[in-house]
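Trainee: See coords-v7.txt below, with compact mmCIF, C-alpha atoms (C1' of nucleotides).
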```txt
# COMPACT_ATOMS: atom_id res chain seq x y z
CA MET N 802 0.00 0.00 0.00
CA LYS N 803 1.72 3.14 -1.23
CA ILE N 804 0.75 6.77 -0.73
CA SER N 805 0.49 8.84 -3.88
CA PRO N 806 2.63 11.99 -4.22
CA GLN N 807 -0.58 13.98 -4.55
CA GLU N 808 -1.93 12.67 -1.28
CA ILE N 809 1.36 13.52 0.43
CA SER N 810 1.23 17.05 -0.94
CA VAL N 811 -2.27 17.51 0.38
CA ARG N 812 -1.22 16.37 3.84
CA LEU N 813 1.87 18.57 3.97
CA GLU N 814 0.01 21.59 2.63
CA ASN N 815 -2.69 21.07 5.22
CA PHE N 816 0.00 20.95 7.89
CA ARG N 817 1.59 24.19 6.74
CA LYS N 818 -1.74 25.94 6.38
CA THR N 819 -2.81 24.97 9.88
CA SER N 820 0.49 26.15 11.32
CA ARG N 821 0.14 29.47 9.55
CA ASP N 822 -3.47 29.91 10.58
CA LYS N 823 -2.68 29.22 14.23
CA ARG N 824 0.50 31.31 14.04
CA LEU N 825 2.65 28.44 15.14
CA PRO N 826 6.34 28.54 14.24
CA LEU N 827 7.35 25.93 11.72
CA THR N 828 10.59 24.44 12.95
CA PRO N 829 12.67 21.85 11.12
CA GLN N 830 11.98 19.26 13.81
CA LYS N 831 8.25 19.76 13.64
CA SER N 832 8.20 19.51 9.87
CA ALA N 833 10.33 16.40 9.97
CA ILE N 834 8.10 14.72 12.51
CA PHE N 835 4.93 15.45 10.60
CA GLN N 836 6.54 14.45 7.35
CA ALA N 837 7.71 11.17 8.81
CA ILE N 838 4.09 10.31 9.47
CA ALA N 839 2.51 11.87 6.41
CA THR N 840 4.81 10.13 3.96
CA SER N 841 4.77 6.72 5.59
CA CYS N 842 2.36 3.88 5.10
CA GLU N 843 3.95 2.08 8.04
CA HIS N 844 2.04 4.07 10.68
CA PRO N 845 5.15 4.75 12.72
CA GLY N 846 5.04 4.98 16.49
CA VAL N 847 6.93 7.31 18.79
CA THR N 848 10.06 5.21 18.91
CA GLU N 849 10.22 4.68 15.17
CA ILE N 850 9.88 8.39 14.51
CA TYR N 851 12.53 9.20 17.09
CA LYS N 852 14.99 6.71 15.65
CA GLN N 853 14.32 7.83 12.12
CA LEU N 854 14.97 11.49 12.94
CA LYS N 855 18.02 10.78 15.06
CA SER N 856 20.25 10.79 11.98
CA GLU N 857 18.92 14.08 10.68
CA PHE N 858 18.75 15.70 14.13
CA PRO N 859 21.31 13.95 16.33
CA SER N 860 20.27 15.97 19.37
CA ILE N 861 16.51 15.57 19.00
CA SER N 862 14.84 14.43 22.18
CA LEU N 863 12.05 11.97 22.77
CA ALA N 864 10.18 14.70 24.62
CA THR N 865 10.05 16.76 21.45
CA VAL N 866 8.50 13.90 19.56
CA TYR N 867 5.90 13.38 22.28
CA LYS N 868 5.10 17.06 22.53
CA ASN N 869 4.66 17.47 18.82
CA LEU N 870 2.54 14.37 18.35
CA LYS N 871 0.23 15.56 21.09
CA LYS N 872 0.06 18.98 19.51
CA PHE N 873 -0.65 17.55 16.06
CA GLU N 874 -3.43 15.45 17.49
CA ASN N 875 -5.02 18.45 19.15
CA LEU N 876 -4.80 20.36 15.91
CA GLY N 877 -6.56 17.50 14.16
CA LEU N 878 -3.62 16.92 11.85
CA LEU N 879 -3.30 13.29 12.67
CA VAL N 880 -4.93 10.46 14.44
CA GLU N 881 -3.64 7.97 16.91
CA ILE N 882 -4.26 4.41 15.82
CA PRO N 883 -4.28 2.21 18.86
CA VAL N 884 -3.23 -1.36 18.30
CA PRO N 885 -4.05 -3.82 21.06
CA GLY N 886 -0.96 -4.90 22.90
CA LYS N 887 1.29 -2.61 20.88
CA ALA N 888 2.48 0.94 21.09
CA PRO N 889 0.07 3.29 19.35
CA ARG N 890 0.80 4.31 15.79
CA TYR N 891 0.11 7.60 14.13
CA ASP N 892 -1.41 8.39 10.83
CA ALA N 893 -2.07 11.56 8.87
CA LYS N 894 -4.85 9.86 6.95
CA LEU N 895 -8.12 10.62 8.61
CA GLU N 896 -10.44 8.13 6.94
CA ILE N 897 -11.27 4.72 8.33
CA HIS N 898 -8.49 2.24 8.69
CA SER N 899 -8.43 -1.48 8.98
CA HIS N 900 -5.82 -3.68 10.50
CA ALA N 901 -5.36 -7.38 10.78
CA VAL N 902 -3.64 -8.56 13.92
CA ASP N 903 -2.08 -11.98 13.87
CA THR N 904 -2.69 -12.99 17.46
CA ALA N 905 -0.08 -15.72 17.30
CA SER N 906 2.84 -13.72 15.95
CA GLY N 907 1.75 -10.26 17.00
CA CYS N 908 2.23 -8.92 13.48
CA VAL N 909 -0.04 -6.13 12.34
CA TYR N 910 -1.06 -5.83 8.72
CA ASP N 911 -2.89 -3.13 6.85
CA VAL N 912 -5.91 -4.45 5.06
CA GLU N 913 -8.46 -2.89 2.81
CA THR N 914 -11.62 -1.74 4.48
CA PRO N 915 -14.74 -3.50 3.18
CA LYS N 916 -16.35 -1.50 0.40
CA ASN N 917 -19.80 -2.10 1.82
CA LEU N 918 -19.00 -0.54 5.16
CA SER N 919 -20.82 2.73 5.45
CA LEU N 920 -20.03 4.46 8.69
CA PRO N 921 -22.56 6.48 10.61
CA LYS N 922 -21.54 10.13 10.71
CA GLU N 923 -22.84 10.50 14.22
CA ILE N 924 -23.24 8.28 17.25
CA LEU N 925 -24.93 9.29 20.46
CA GLY N 926 -25.14 12.82 19.15
CA LYS N 927 -21.40 13.09 18.60
CA LYS N 928 -19.52 13.25 15.33
CA VAL N 929 -17.51 10.18 14.38
CA LYS N 930 -13.97 11.43 13.91
CA HIS N 931 -12.36 8.19 12.98
CA ALA N 932 -12.96 4.49 13.02
CA ASN N 933 -10.70 1.51 13.28
CA LEU N 934 -11.65 -1.97 12.21
CA ILE N 935 -9.43 -4.65 13.68
CA TYR N 936 -9.43 -8.26 12.64
CA TYR N 937 -7.97 -10.90 14.87
CA LEU N 938 -6.50 -13.84 13.00
CA MET G 237 -26.73 -0.82 28.20
CA LYS G 238 -27.14 -3.69 30.60
CA ILE G 239 -25.92 -7.24 30.24
CA SER G 240 -28.50 -9.96 30.65
CA PRO G 241 -28.02 -12.59 33.36
CA GLN G 242 -28.04 -15.24 30.66
CA GLU G 243 -25.22 -13.55 28.80
CA ILE G 244 -23.21 -13.29 31.99
CA SER G 245 -23.76 -17.01 32.68
CA VAL G 246 -22.50 -17.84 29.23
CA ARG G 247 -19.36 -15.81 29.75
CA LEU G 248 -18.59 -17.25 33.16
CA GLU G 249 -19.29 -20.78 31.99
CA ASN G 250 -17.00 -20.27 29.04
CA PHE G 251 -14.33 -19.02 31.40
CA ARG G 252 -14.65 -22.04 33.65
CA LYS G 253 -14.73 -24.45 30.75
CA THR G 254 -11.61 -22.98 29.21
CA SER G 255 -9.79 -23.12 32.54
CA ARG G 256 -10.78 -26.75 32.96
CA ASP G 257 -9.80 -27.68 29.42
CA LYS G 258 -6.40 -26.08 29.76
CA ARG G 259 -6.01 -27.46 33.25
CA LEU G 260 -5.47 -24.06 34.73
CA PRO G 261 -6.18 -23.57 38.45
CA LEU G 262 -9.20 -21.47 39.17
CA THR G 263 -8.22 -19.13 41.95
CA PRO G 264 -10.51 -16.63 43.67
CA GLN G 265 -8.49 -13.69 42.31
CA LYS G 266 -8.70 -14.97 38.76
CA SER G 267 -12.40 -15.55 38.98
CA ALA G 268 -12.93 -12.12 40.49
CA ILE G 269 -10.92 -10.41 37.77
CA PHE G 270 -12.74 -12.18 34.99
CA GLN G 271 -16.06 -11.60 36.65
CA ALA G 272 -15.34 -7.89 37.05
CA ILE G 273 -15.05 -7.68 33.28
CA ALA G 274 -17.72 -10.17 32.32
CA THR G 275 -20.40 -8.59 34.44
CA SER G 276 -19.61 -4.98 33.64
CA CYS G 277 -20.83 -2.94 30.74
CA GLU G 278 -18.32 -0.25 31.68
CA HIS G 279 -15.39 -2.02 30.06
CA PRO G 280 -13.08 -1.48 33.00
CA GLY G 281 -9.36 -0.90 32.62
CA VAL G 282 -6.50 -2.25 34.73
CA THR G 283 -6.74 0.43 37.39
CA GLU G 284 -10.50 0.16 37.75
CA ILE G 285 -10.31 -3.59 38.18
CA TYR G 286 -7.51 -3.28 40.69
CA LYS G 287 -9.36 -0.70 42.76
CA GLN G 288 -12.59 -2.67 42.63
CA LEU G 289 -10.94 -5.87 43.86
CA LYS G 290 -8.93 -4.13 46.54
CA SER G 291 -11.82 -4.34 48.97
CA GLU G 292 -12.41 -8.05 48.40
CA PHE G 293 -8.71 -8.92 48.25
CA PRO G 294 -6.87 -6.27 50.25
CA SER G 295 -3.49 -7.74 49.35
CA ILE G 296 -4.08 -8.20 45.63
CA SER G 297 -1.28 -6.78 43.53
CA LEU G 298 -1.39 -4.85 40.31
CA ALA G 299 0.95 -7.44 38.83
CA THR G 300 -1.69 -10.11 39.34
CA VAL G 301 -4.23 -8.07 37.44
CA TYR G 302 -1.80 -7.51 34.58
CA LYS G 303 -0.76 -11.14 34.46
CA ASN G 304 -4.31 -12.40 34.39
CA LEU G 305 -5.54 -9.96 31.80
CA LYS G 306 -2.70 -10.98 29.54
CA LYS G 307 -3.49 -14.62 30.13
CA PHE G 308 -7.19 -14.14 29.45
CA GLU G 309 -6.38 -12.39 26.23
CA ASN G 310 -4.15 -15.22 25.10
CA LEU G 311 -6.87 -17.71 25.95
CA GLY G 312 -9.27 -15.69 23.83
CA LEU G 313 -11.52 -15.02 26.78
CA LEU G 314 -11.51 -11.30 26.33
CA VAL G 315 -10.54 -8.54 24.01
CA GLU G 316 -8.53 -5.40 24.60
CA ILE G 317 -10.21 -2.19 23.54
CA PRO G 318 -7.54 0.38 22.86
CA VAL G 319 -8.46 3.96 23.62
CA PRO G 320 -6.30 6.75 22.17
CA GLY G 321 -4.45 8.59 24.89
CA LYS G 322 -6.03 6.45 27.59
CA ALA G 323 -5.39 3.14 29.23
CA PRO G 324 -6.88 0.22 27.33
CA ARG G 325 -10.17 -1.33 28.45
CA TYR G 326 -11.25 -4.93 28.38
CA ASP G 327 -14.35 -6.69 27.19
CA ALA G 328 -15.56 -10.25 27.59
CA LYS G 329 -18.05 -10.10 24.77
CA LEU G 330 -16.63 -12.22 22.04
CA GLU G 331 -18.94 -11.87 19.11
CA ILE G 332 -18.13 -9.40 16.41
CA HIS G 333 -19.26 -6.12 17.78
CA SER G 334 -18.55 -2.45 17.84
CA HIS G 335 -17.57 0.17 20.33
CA ALA G 336 -17.80 3.91 20.39
CA VAL G 337 -15.08 5.70 22.30
CA ASP G 338 -15.70 9.23 23.44
CA THR G 339 -12.17 10.60 23.07
CA ALA G 340 -12.93 13.55 25.32
CA SER G 341 -14.32 11.68 28.31
CA GLY G 342 -12.79 8.28 27.70
CA CYS G 343 -16.17 6.57 28.00
CA VAL G 344 -16.64 3.42 25.98
CA TYR G 345 -20.04 2.42 24.67
CA ASP G 346 -21.29 -0.71 23.01
CA VAL G 347 -22.90 0.08 19.70
CA GLU G 348 -24.61 -1.98 17.07
CA THR G 349 -22.44 -3.20 14.23
CA PRO G 350 -23.59 -1.93 10.83
CA LYS G 351 -25.86 -4.46 9.16
CA ASN G 352 -24.14 -4.01 5.84
CA LEU G 353 -20.75 -5.00 7.19
CA SER G 354 -19.82 -8.38 5.84
CA LEU G 355 -16.52 -9.50 7.16
CA PRO G 356 -14.09 -11.64 5.21
CA LYS G 357 -13.75 -15.10 6.73
CA GLU G 358 -10.08 -15.21 5.92
CA ILE G 359 -7.28 -12.70 5.59
CA LEU G 360 -3.78 -13.52 4.36
CA GLY G 361 -4.67 -17.17 4.48
CA LYS G 362 -5.64 -17.06 8.13
CA LYS G 363 -9.07 -17.43 9.62
CA VAL G 364 -10.62 -14.32 11.13
CA LYS G 365 -11.35 -15.27 14.72
CA HIS G 366 -12.84 -12.02 15.82
CA ALA G 367 -13.26 -8.47 14.67
CA ASN G 368 -13.77 -5.24 16.48
CA LEU G 369 -14.95 -2.00 14.97
CA ILE G 370 -14.13 1.04 17.06
CA TYR G 371 -15.53 4.48 16.47
CA TYR G 372 -13.78 7.51 17.89
CA LEU G 373 -16.09 10.37 18.72
C1' DC J 209 2.56 -33.99 44.53
C1' DT J 210 2.94 -30.99 40.65
C1' DC J 211 2.34 -27.03 38.49
C1' DT J 212 0.37 -22.63 38.14
C1' DA J 213 -0.77 -18.35 40.63
C1' DT J 214 0.07 -14.81 43.94
C1' DG J 215 2.26 -10.83 45.93
C1' DC J 216 6.05 -8.24 46.85
C1' DA J 217 9.82 -5.53 45.39
C1' DA J 218 12.77 -4.20 41.91
C1' DA J 219 13.58 -3.41 37.19
C1' DA J 220 12.42 -2.00 32.80
C1' DT J 221 9.54 1.09 29.90
C1' DA J 222 6.96 4.77 28.73
C1' DT J 223 5.39 9.41 29.20
C1' DT J 224 5.25 14.05 31.25
C1' DT J 225 7.04 18.18 33.23
C1' DG J 226 10.05 22.29 34.41
C1' DC J 227 13.09 25.24 32.85
C1' DA J 228 16.90 27.74 30.53
C1' DA J 229 18.45 28.65 26.04
C1' DG J 230 17.51 28.96 21.03
C1' DG J 231 15.04 30.32 17.01
C1' DG J 232 10.91 31.26 13.82
C1' DA J 233 7.54 34.99 12.42
C1' DT P 747 10.70 41.53 20.05
C1' DC P 748 7.47 38.02 21.35
C1' DC P 749 6.26 33.61 21.96
C1' DC P 750 6.67 29.09 20.81
C1' DT P 751 9.91 25.34 20.67
C1' DT P 752 13.77 22.60 21.84
C1' DG P 753 16.47 19.49 24.60
C1' DC P 754 18.08 18.07 28.80
C1' DA P 755 17.24 16.06 33.18
C1' DA P 756 14.23 14.82 36.61
C1' DA P 757 9.81 13.36 37.92
C1' DT P 758 5.86 10.27 37.08
C1' DA P 759 3.39 6.65 35.34
C1' DT P 760 2.97 2.21 33.47
C1' DT P 761 4.05 -2.50 32.76
C1' DT P 762 7.07 -6.41 33.36
C1' DT P 763 10.03 -9.59 35.78
C1' DG P 764 12.20 -12.63 39.37
C1' DC P 765 11.50 -15.14 43.09
C1' DA P 766 9.79 -17.27 47.34
C1' DT P 767 5.54 -18.85 49.02
C1' DA P 768 0.75 -20.29 48.74
C1' DG P 769 -2.81 -22.87 46.89
C1' DA P 770 -5.70 -25.40 43.22
C1' DG P 771 -6.30 -29.80 41.00
```
Show me, as structure tokens, the structure contained in the file I just sent.
Mentor:
Amino acid sequence: MKISPQEISVRLENFRKTSRDKRLPLTPQKSAIFQAIATSCEHPGVTEIYKQLKSEFPSISLATVYKNLKKFENLGLLVEIPVPGKAPRYDAKLEIHSHAVDTASGCVYDVETPKNLSLPKEILGKKVKHANLIYYL
Amino acid sequence: MKISPQEISVRLENFRKTSRDKRLPLTPQKSAIFQAIATSCEHPGVTEIYKQLKSEFPSISLATVYKNLKKFENLGLLVEIPVPGKAPRYDAKLEIHSHAVDTASGCVYDVETPKNLSLPKEILGKKVKHANLIYYL
DNA sequence: CTCTATGCAAAATATTTGCAAGGGA
DNA sequence: TCCCTTGCAAATATTTTGCATAGAG
């Protein structure tokens, strides 16, 4: 599953626009962290992002990654994808996601969401922001 | 949403049967932990379970709760419901079903699974044992 | 009797916070 | 200049592990 260059552009542009609108400084670290998520189909977690950026920013700290992820979430730029028994992953794609968890090996796979699944827009009077369908194999 | 007495019986019986089949001792703590989940529609998390059992078993340790939850999961007796930014909750309902997570309050609700959702029976050559659809509000 | 479970304490992980210095707009 | 951000270190929080003992089957 690959992300198209167009889709990546949309995500990055959205990130820059939001930063501008909220008058938030756009630092190299921030951009790199968001980009790491927006350009990846691996749904990286905190540790993966930290390790990946370590080469580009040798002095980057884990706290910076945590702080930025939290900020991005609050800004609605990304979504935390919880995976049972695993560290949460992050994704800049806001539509529904599906995962298949191999309960024996612990591996997590991306799978296509059923075409016939139409999500309710609201539940209990609240807007559905995101949905996660998890299969256990 | 309340759980019917019949449903609770089924869950507890399943728990006892599995323990017998696997020749696992059935201790009071274990039973209490499973029961706390099986009889609750609140989907308690580790801390809630621990606090709840503290009165019945003043010397129970958090480690025991963790160990048993992990064991129950491996036995397929319950399912972890991940909640973004919050501690995971647990659920003893094993059919394919859906949850709605209020990301602001952390509340977890049972909701009806869309009728039009037809799940694949197999993914990547492995049988789908269970599936969980989680909405984030 | 055998094997798993329990509970304690310690260790390992994971996440958050405070604060001084640095750097975008 | 004005804030926000960074990175370090320390503080917390969370989860796991080792081990001696207790207890179920």
Trainee: Using only C-alpha atoms, determine which residues of chain G fall within 6 Å of chain N; present them as JSON, numbers by chain.
Mentor: {"G": [316, 318, 320, 353, 362, 363, 364, 365, 366, 367, 368, 369, 370, 371, 372, 373]}
Trainee: Taking all atoms of range 216-225 of chain J that the file lists and extending 6 Å past them on each side, where is the centre of the axis-aligned box and how long are its edges? Answer in Å to one decimal, as lines of an AutoDock Vina configuration file.
Mentor:
```
center_x = 9.4
center_y = 5.0
center_z = 37.8
size_x = 20.3
size_y = 38.4
size_z = 30.1
```
Trainee: If you fit chain N onto chain G using every C-alpha atom, paired in order, what RMSD in Å do you get?
Mentor: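 Per the least-squares fit, the RMSD is 1.6 Å.
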Trainee: Would you mind listing, for every residue of chain J within 10 Å of chain N, the two atoms forming the shortest contact and the distance between them in Å to one decimal, using all atoms listed in the file, sorted by chain and ascending residue number, as a tab-separated table?
Mentor:
```
residue	atom	partner	partner_atom	distance
J:DA222	C1'	N:Ala888	CA	9.6
J:DT223	C1'	N:Tyr867	CA	8.0
J:DT224	C1'	N:Ala864	CA	8.3
J:DT225	C1'	N:Ala864	CA	9.8
J:DG231	C1'	N:Thr828	CA	8.4
J:DG232	C1'	N:Pro826	CA	5.3
J:DA233	C1'	N:Pro826	CA	6.8
```
Trainee: With 12 Å as the threshold, what does the neighbourhood of (0.5, 22.5, 16.1) contain in terms of residues, counting only C-alpha atoms (C1' of nucleotides)? Coordinates are those of the file; answer as a ChimeraX atom specification.
Mentor: /N:815-828,831-832,834-835,868-879 /P:750-751
Trainee: Could you save the residues just selected, with C-alpha atoms (C1' of nucleotides), as a PDB file, in the frame of the given file?
Mentor:
```
ATOM      1  CA  ASN N 815      -2.690  21.070   5.220  1.00  0.00           C
ATOM      2  CA  PHE N 816       0.000  20.950   7.890  1.00  0.00           C
ATOM      3  CA  ARG N 817       1.590  24.190   6.740  1.00  0.00           C
ATOM      4  CA  LYS N 818      -1.740  25.940   6.380  1.00  0.00           C
ATOM      5  CA  THR N 819      -2.810  24.970   9.880  1.00  0.00           C
ATOM      6  CA  SER N 820       0.490  26.150  11.320  1.00  0.00           C
ATOM      7  CA  ARG N 821       0.140  29.470   9.550  1.00  0.00           C
ATOM      8  CA  ASP N 822      -3.470  29.910  10.580  1.00  0.00           C
ATOM      9  CA  LYS N 823      -2.680  29.220  14.230  1.00  0.00           C
ATOM     10  CA  ARG N 824       0.500  31.310  14.040  1.00  0.00           C
ATOM     11  CA  LEU N 825       2.650  28.440  15.140  1.00  0.00           C
ATOM     12  CA  PRO N 826       6.340  28.540  14.240  1.00  0.00           C
ATOM     13  CA  LEU N 827       7.350  25.930  11.720  1.00  0.00           C
ATOM     14  CA  THR N 828      10.590  24.440  12.950  1.00  0.00           C
ATOM     15  CA  LYS N 831       8.250  19.760  13.640  1.00  0.00           C
ATOM     16  CA  SER N 832       8.200  19.510   9.870  1.00  0.00           C
ATOM     17  CA  ILE N 834       8.100  14.720  12.510  1.00  0.00           C
ATOM     18  CA  PHE N 835       4.930  15.450  10.600  1.00  0.00           C
ATOM     19  CA  LYS N 868       5.100  17.060  22.530  1.00  0.00           C
ATOM     20  CA  ASN N 869       4.660  17.470  18.820  1.00  0.00           C
ATOM     21  CA  LEU N 870       2.540  14.370  18.350  1.00  0.00           C
ATOM     22  CA  LYS N 871       0.230  15.560  21.090  1.00  0.00           C
ATOM     23  CA  LYS N 872       0.060  18.980  19.510  1.00  0.00           C
ATOM     24  CA  PHE N 873      -0.650  17.550  16.060  1.00  0.00           C
ATOM     25  CA  GLU N 874      -3.430  15.450  17.490  1.00  0.00           C
ATOM     26  CA  ASN N 875      -5.020  18.450  19.150  1.00  0.00           C
ATOM     27  CA  LEU N 876      -4.800  20.360  15.910  1.00  0.00           C
ATOM     28  CA  GLY N 877      -6.560  17.500  14.160  1.00  0.00           C
ATOM     29  CA  LEU N 878      -3.620  16.920  11.850  1.00  0.00           C
ATOM     30  CA  LEU N 879      -3.300  13.290  12.670  1.00  0.00           C
TER      31      LEU N 879
ATOM     32  C1'  DC P 750       6.670  29.090  20.810  1.00  0.00           C
ATOM     33  C1'  DT P 751       9.910  25.340  20.670  1.00  0.00           C
TER      34       DT P 751
END
```
Trainee: Skipping near chain neighbours, those fewer than 4 positions away, what residues fall within 10 Å of range 214-216 of chain J using only C-alpha atoms (C1' of nucleotides), listed as a list in words?
Mentor: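 Listing them by chain and then by number gives Thr263, Gln265, Ser295, Ile296, Ser297, Leu298, Ala299 and Thr300 of chain G; DC765, DA766, DT767, DA768 and DG769 of chain P.
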